[in-house]
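Q: Please find one structure pasted underneath; my questions will follow.
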Amino acid sequence: MNYLVSIIIPVYKVEAYIERCVASIMRQTFHEAPIECILVDDCSPDNSIAIAQDMINSYHGNIDFKILRNDKNSGVAATRNNGLNHATGKYIFFLDSDDDLKENCMQVLLEAAAEHPDADMIMANNFYKKQNKPYINYTGPAVMNTDQLLKAFYWEKIPIVVWNSLIKRELIVKNNLSFRPGLMHEDNLWAMKLYPCVKKFVYVPQITLIYEDTPASFMNDVALQAPKILPHEIVIMEEFLNSFNESHAVGYTIYITSFLIRMLDVSKLCNEDLRNKVKKLRGKLIKHSLKHGRLVLACFELWTYDPLNKLFKYRFFRHHFEKVKKATYAIASLFNPIHAIFNKTHQ
């Protein structure tokens with residue numbers, strides 16, 4: 001069957017949430033197009049898959065449910081890859097097994113897809129249950145080209161998440177986009193590779209997914225998990241620096257600098273080896289800016305050094321840091337034509 005959408009759900013230790021998740025898919029109000037839902041069992045030791053299987057056995061709706069199983073416990077990235085390898089839909093839709101969909105999720109997204117058939121990616125809003133508010137606060141244009149999307153990404157207006165979006169499977173296959181196995185925060189690396197490939201992006205402001213920040217989430221205790229998380233962020237940042245986007249050098253640099261500031265703050269809770277690795281990344285970024293004559297950006301990057309970094313302890317500075325970023329972006333962007341000529345003459 002030619003499916004319009006392939007919903008991919010990694011499943012591991014979610015027996016308290018899987019029923020709600022699967023039920024939300026079964027309740028979808030959009031029945032005009034064939035949809036498959038692929039649950040990928042990451043060798044879950046609890047009853048998650050048994051619960052899902054019982055629900056599927058008694059289901060008589062229009063969505064085709066399929067259950068795959070990893071050969072061994074491999075983590076969410078490899079599990080998503082397994083689902084991707086078996087998906088056949090025109091669009092891919094990722095869903096975490098502890099989240100659930102609004103009844104009109106597929107209807108909202110597929111109506112937007114029908115209105116914009118040439119769109120590579122269509123993203124809707126999410127409701128952040130823990131904070132009782134929408135997850136995305138984006139207020140820019142609903143339809144964006146690649147340049148606009150990357151700017152929104154670098155300014156963190158569009159979140160780094162893989163779920164609650166329709167993404168053309170052809171785009172994923174053509175650009176060989178897959179998740180780095182064993183990597184936490186794999187969404188960051190995925191977005192870095194995905195967004196430059198998206199020629200047309202559509203944002204739908206309706207809330208179509210309920211994001212559940214579960215008690216078992218590793219993000220709920222930063223002090224405890226920092227030594228586990230930071231090595232993965234170092235890998236991601238190395239990828240960012242090794243794949244530097246020169247066509248968006250200003251926004252890219254400001255994004256990386258902000259990312260590094262957070263990493264440096266977390267590194268204070270880690271051992272000296274990890275702290276030194278983060279400092280090397282900082283040095284690599286500044287060297288890159290100096291090498292390419294980006295002096296304004298290099299000055300901005302000095303905020304990653306002590307004692308300037310200590311200013312983030314003060315609410316006044318944190319509140320005004322966004323203004324510092326915007327001023328830096330405006331000033332540094334004035335020199336883009338000069339750098340474009342310089343880069344062209346040295347190619």
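Note on naming: chains are A, B, ... as they come in the structure tokens, residues start from 1 per chain, ligands start from 1 in the order shown.
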Excluding same-chain residues fewer than 6 positions from Cys299 (chain A), what lies within 12 Å of it counting only C-alpha atoms, as a list in words?
A: Thr253, Ile254, Thr257, Leu285, Ile286, Lys287, Ser289, Leu290, Gly293, Tyr305, Leu308, Val324, Lys325, Thr328, Tyr329, Ile331 and Ala332 of chain A
Q: Selection from above, C-alpha atoms, as an mmCIF file, in the first residue's frame, can you write it?
A:
```
data_model
loop_
_atom_site.group_PDB
_atom_site.id
_atom_site.type_symbol
_atom_site.label_atom_id
_atom_site.label_comp_id
_atom_site.auth_asym_id
_atom_site.auth_seq_id
_atom_site.Cartn_x
_atom_site.Cartn_y
_atom_site.Cartn_z
ATOM 1 C CA THR A 253 28.479 31.653 15.081
ATOM 2 C CA ILE A 254 26.050 33.315 17.473
ATOM 3 C CA THR A 257 28.530 30.683 21.008
ATOM 4 C CA LEU A 285 35.559 28.669 17.271
ATOM 5 C CA ILE A 286 37.510 31.850 18.022
ATOM 6 C CA LYS A 287 40.407 30.761 15.792
ATOM 7 C CA SER A 289 36.480 33.677 13.345
ATOM 8 C CA LEU A 290 39.925 35.313 13.479
ATOM 9 C CA GLY A 293 38.535 38.148 9.620
ATOM 10 C CA TYR A 305 35.795 33.428 28.774
ATOM 11 C CA LEU A 308 32.909 37.894 31.339
ATOM 12 C CA VAL A 324 23.763 41.963 22.909
ATOM 13 C CA LYS A 325 23.236 39.099 20.458
ATOM 14 C CA THR A 328 26.313 41.757 17.367
ATOM 15 C CA TYR A 329 24.281 40.186 14.549
ATOM 16 C CA ILE A 331 26.978 44.916 13.200
ATOM 17 C CA ALA A 332 28.639 41.700 11.988
#
```
Q: Got a sec: who's within 12 Å of Glu156 (chain A), counting only C-alpha atoms, leaving out chain neighbours fewer than 2 positions off, as a list in words?
A: Ile136, Asn137, Tyr138, Leu149, Leu150, Lys151, Ala152, Phe153, Tyr154, Ile158, Pro159, Ile160, Val161, Asn188, Ala191, Gly251, Tyr252, Ile254, Tyr255, Ile256, Ser258, Phe259 and Glu322 of chain A
Q: Could you pull the residues within 8 Å of region 264-280 of chain A, counting only C-alpha atoms, minus those fewer than 6 positions along the same chain, as a list in words?
A: Ala223, Ala226, Pro227, Leu230, Pro231, Ile234 and Thr304 of chain A
Q: For the selection just defined, write its residues with N, CA and C atoms to a file, as a short mmCIF file (atom, residue, chain, number, x, y, z; two decimals), in the first residue's frame.
A:
```
data_model
loop_
_atom_site.label_atom_id
_atom_site.label_comp_id
_atom_site.auth_asym_id
_atom_site.auth_seq_id
_atom_site.Cartn_x
_atom_site.Cartn_y
_atom_site.Cartn_z
N ALA A 223 22.32 18.44 37.41
CA ALA A 223 23.54 18.28 38.20
C ALA A 223 23.99 16.83 38.21
N ALA A 226 24.81 15.82 34.22
CA ALA A 226 25.75 16.64 33.43
C ALA A 226 26.94 15.85 32.91
N PRO A 227 27.63 15.03 33.75
CA PRO A 227 28.78 14.26 33.23
C PRO A 227 28.39 13.26 32.15
N LEU A 230 27.25 15.88 28.80
CA LEU A 230 28.26 16.75 28.18
C LEU A 230 29.10 16.05 27.11
N PRO A 231 29.55 14.80 27.30
CA PRO A 231 30.33 14.15 26.22
C PRO A 231 29.56 14.09 24.90
N ILE A 234 29.57 17.54 23.35
CA ILE A 234 30.89 17.82 22.76
C ILE A 234 30.97 17.24 21.35
N THR A 304 32.52 33.87 26.26
CA THR A 304 32.69 32.50 26.76
C THR A 304 33.86 32.39 27.74
#
```
Q: Report, in Å to a single decimal, how far apart CA of Tyr91 (chain A) and CA of Glu36 (chain A) are.
A: 10.5 Å
Q: Do a neighbour search on region 105-116 of chain A at 7 Å with only C-alpha atoms, toss out local chain neighbours closer than 6 positions, and write the hits as a short mmCIF file (atom, residue, chain, number, x, y, z; two decimals) with C-alpha atoms, in the first residue's frame.
A:
```cif
data_model
loop_
_atom_site.label_atom_id
_atom_site.label_comp_id
_atom_site.auth_asym_id
_atom_site.auth_seq_id
_atom_site.Cartn_x
_atom_site.Cartn_y
_atom_site.Cartn_z
CA GLN A 28 -7.17 10.55 14.82
CA THR A 29 -10.05 12.21 12.98
CA PHE A 30 -8.38 12.19 9.56
CA ILE A 122 5.57 20.98 8.01
CA THR A 208 -1.32 19.08 17.83
#
```
Q: Under the rule that only C-alpha atoms are counted, which of A:Ile92, A:Ile172, A:Leu4, A:Leu281 is the nearest residue to Asn242 (chain A)?
A: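 Of all the options, A:Leu281 lies closest to Asn242 (chain A).
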Q: Considering only C-alpha atoms, can you say which of A:Arg294, A:Arg262, A:Lys129, A:His319 comes closest to Phe335 (chain A)?
A: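 For Phe335 (chain A), the nearest of the candidates is A:Arg294.
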Q: Could you check the closest approach to Gln148 (chain A) for each of A:Val296, A:Ile210, A:Val202, A:Ala50 and tell me which residue wins, using only C-alpha atoms?
A: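 Looking only at the distances to Gln148 (chain A), the closest residue turns out to be A:Val202.
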Q: Tell me which protein, DNA and RNA residues are within 12 Å of Lys193 (chain A), counting only C-alpha atoms, leaving out same-chain ones fewer than 5 positions away, and put them as number ranges by chain.
A: A: 150, 153, 160, 162, 171-172, 175-180, 186-188, 198, 236, 239-240, 243-245
Q: Which of these, A:Val250, A:Cys43, A:Leu302, A:Leu194, has the shortest distance to Asn73 (chain A) once you count only C-alpha atoms?
A: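 Looking at the shortest contact to Asn73 (chain A), the residue is A:Cys43.
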Q: Have a look at A:Arg318, A:Lys90, A:His232, A:Arg20 and name the one nearest to His185 (chain A); count only C-alpha atoms.
A: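 Of A:Arg318, A:Lys90, A:His232, A:Arg20, the one nearest His185 (chain A), counting only C-alpha atoms, is A:His232.
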Q: Using DSSP assignments from the backbone, pull out every residue in region 69-268 of chain A that falls under strand (DSSP E) and give it to me as a PyMOL selection string.
A: chain A and resi 69+91-94+100-101+121-128+133-134+143-144+165-168+201-211
Q: Could those residues be written to a file, using N, CA and C atoms, as a compact mmCIF listing (two decimals), in the first residue's frame?
A:
```txt
# COMPACT_ATOMS: atom_id res chain seq x y z
N ARG A 69 11.19 -5.03 16.07
CA ARG A 69 12.01 -5.23 17.27
C ARG A 69 13.49 -5.13 16.92
N TYR A 91 5.40 10.91 3.77
CA TYR A 91 5.89 11.74 4.87
C TYR A 91 6.25 10.87 6.07
N ILE A 92 7.26 11.33 6.81
CA ILE A 92 7.65 10.69 8.06
C ILE A 92 7.18 11.58 9.21
N PHE A 93 6.64 10.94 10.25
CA PHE A 93 6.21 11.66 11.45
C PHE A 93 6.77 10.91 12.65
N PHE A 94 7.68 11.56 13.40
CA PHE A 94 8.26 10.94 14.59
C PHE A 94 7.42 11.30 15.82
N ASP A 100 1.51 12.24 23.46
CA ASP A 100 0.28 11.85 22.76
C ASP A 100 -0.19 12.97 21.86
N LEU A 101 -0.97 12.59 20.85
CA LEU A 101 -1.43 13.51 19.83
C LEU A 101 -2.83 14.04 20.13
N MET A 121 8.92 20.16 4.71
CA MET A 121 8.71 19.94 6.14
C MET A 121 7.58 20.84 6.63
N ILE A 122 6.69 20.25 7.43
CA ILE A 122 5.57 20.98 8.01
C ILE A 122 5.57 20.70 9.51
N MET A 123 5.71 21.75 10.31
CA MET A 123 5.80 21.61 11.76
C MET A 123 4.61 22.29 12.43
N ALA A 124 4.03 21.61 13.43
CA ALA A 124 2.95 22.20 14.22
C ALA A 124 3.46 22.49 15.63
N ASN A 125 2.63 23.14 16.42
CA ASN A 125 3.02 23.50 17.78
C ASN A 125 2.71 22.37 18.76
N ASN A 126 3.34 22.44 19.94
CA ASN A 126 3.15 21.42 20.97
C ASN A 126 2.74 22.11 22.27
N PHE A 127 2.06 21.36 23.12
CA PHE A 127 1.72 21.87 24.44
C PHE A 127 2.65 21.24 25.45
N TYR A 128 3.41 22.09 26.17
CA TYR A 128 4.38 21.61 27.16
C TYR A 128 3.63 21.43 28.48
N LYS A 133 2.05 25.44 28.99
CA LYS A 133 2.08 26.49 27.96
C LYS A 133 2.55 25.89 26.64
N PRO A 134 2.32 26.58 25.53
CA PRO A 134 2.82 26.10 24.24
C PRO A 134 4.34 25.98 24.25
N VAL A 143 5.49 30.46 6.19
CA VAL A 143 6.18 29.74 5.11
C VAL A 143 7.58 30.33 4.96
N MET A 144 8.59 29.47 5.02
CA MET A 144 9.98 29.93 4.97
C MET A 144 10.78 29.16 3.94
N SER A 165 6.19 16.80 13.27
CA SER A 165 6.42 17.40 11.95
C SER A 165 6.23 16.34 10.88
N LEU A 166 5.71 16.77 9.76
CA LEU A 166 5.72 15.93 8.57
C LEU A 166 6.98 16.26 7.78
N ILE A 167 7.78 15.25 7.50
CA ILE A 167 9.02 15.45 6.73
C ILE A 167 8.99 14.50 5.55
N LYS A 168 9.20 15.01 4.37
CA LYS A 168 9.16 14.15 3.19
C LYS A 168 10.24 13.07 3.27
N PHE A 201 9.65 25.33 4.13
CA PHE A 201 9.24 24.94 5.48
C PHE A 201 7.94 25.65 5.81
N VAL A 202 6.99 24.92 6.39
CA VAL A 202 5.71 25.50 6.77
C VAL A 202 5.48 25.28 8.27
N TYR A 203 5.14 26.36 8.95
CA TYR A 203 4.84 26.27 10.38
C TYR A 203 3.35 26.47 10.61
N VAL A 204 2.74 25.55 11.33
CA VAL A 204 1.32 25.61 11.66
C VAL A 204 1.20 25.89 13.15
N PRO A 205 0.59 27.01 13.55
CA PRO A 205 0.57 27.39 14.96
C PRO A 205 -0.32 26.54 15.86
N GLN A 206 -1.24 25.74 15.28
CA GLN A 206 -2.13 24.93 16.11
C GLN A 206 -1.34 23.92 16.94
N ILE A 207 -1.81 23.69 18.16
CA ILE A 207 -1.21 22.68 19.04
C ILE A 207 -1.76 21.31 18.65
N THR A 208 -0.89 20.40 18.27
CA THR A 208 -1.32 19.08 17.83
C THR A 208 -0.68 17.94 18.61
N LEU A 209 0.18 18.28 19.57
CA LEU A 209 0.87 17.25 20.35
C LEU A 209 1.01 17.71 21.79
N ILE A 210 0.85 16.79 22.73
CA ILE A 210 1.05 17.06 24.15
C ILE A 210 2.41 16.48 24.54
N TYR A 211 3.33 17.38 24.90
CA TYR A 211 4.68 16.96 25.27
C TYR A 211 4.73 16.66 26.76
```
Q: Write out as a ChimeraX atom specification which residues come within 12 Å of Ile56 (chain A) when counting only C-alpha atoms, dropping same-chain ones fewer than 5 positions away.
A: /A:18-19,22-23,25-26,37-39,49-51,61-67
Q: Between CA of Glu301 (chain A) and CA of Asn336 (chain A), what is the spacing in Å?
A: 17.8 Å
Q: Take CA of Ala16 (chain A) and CA of Asp46 (chain A) and report the distance between them in Å, one decimal.
A: 9.9 Å
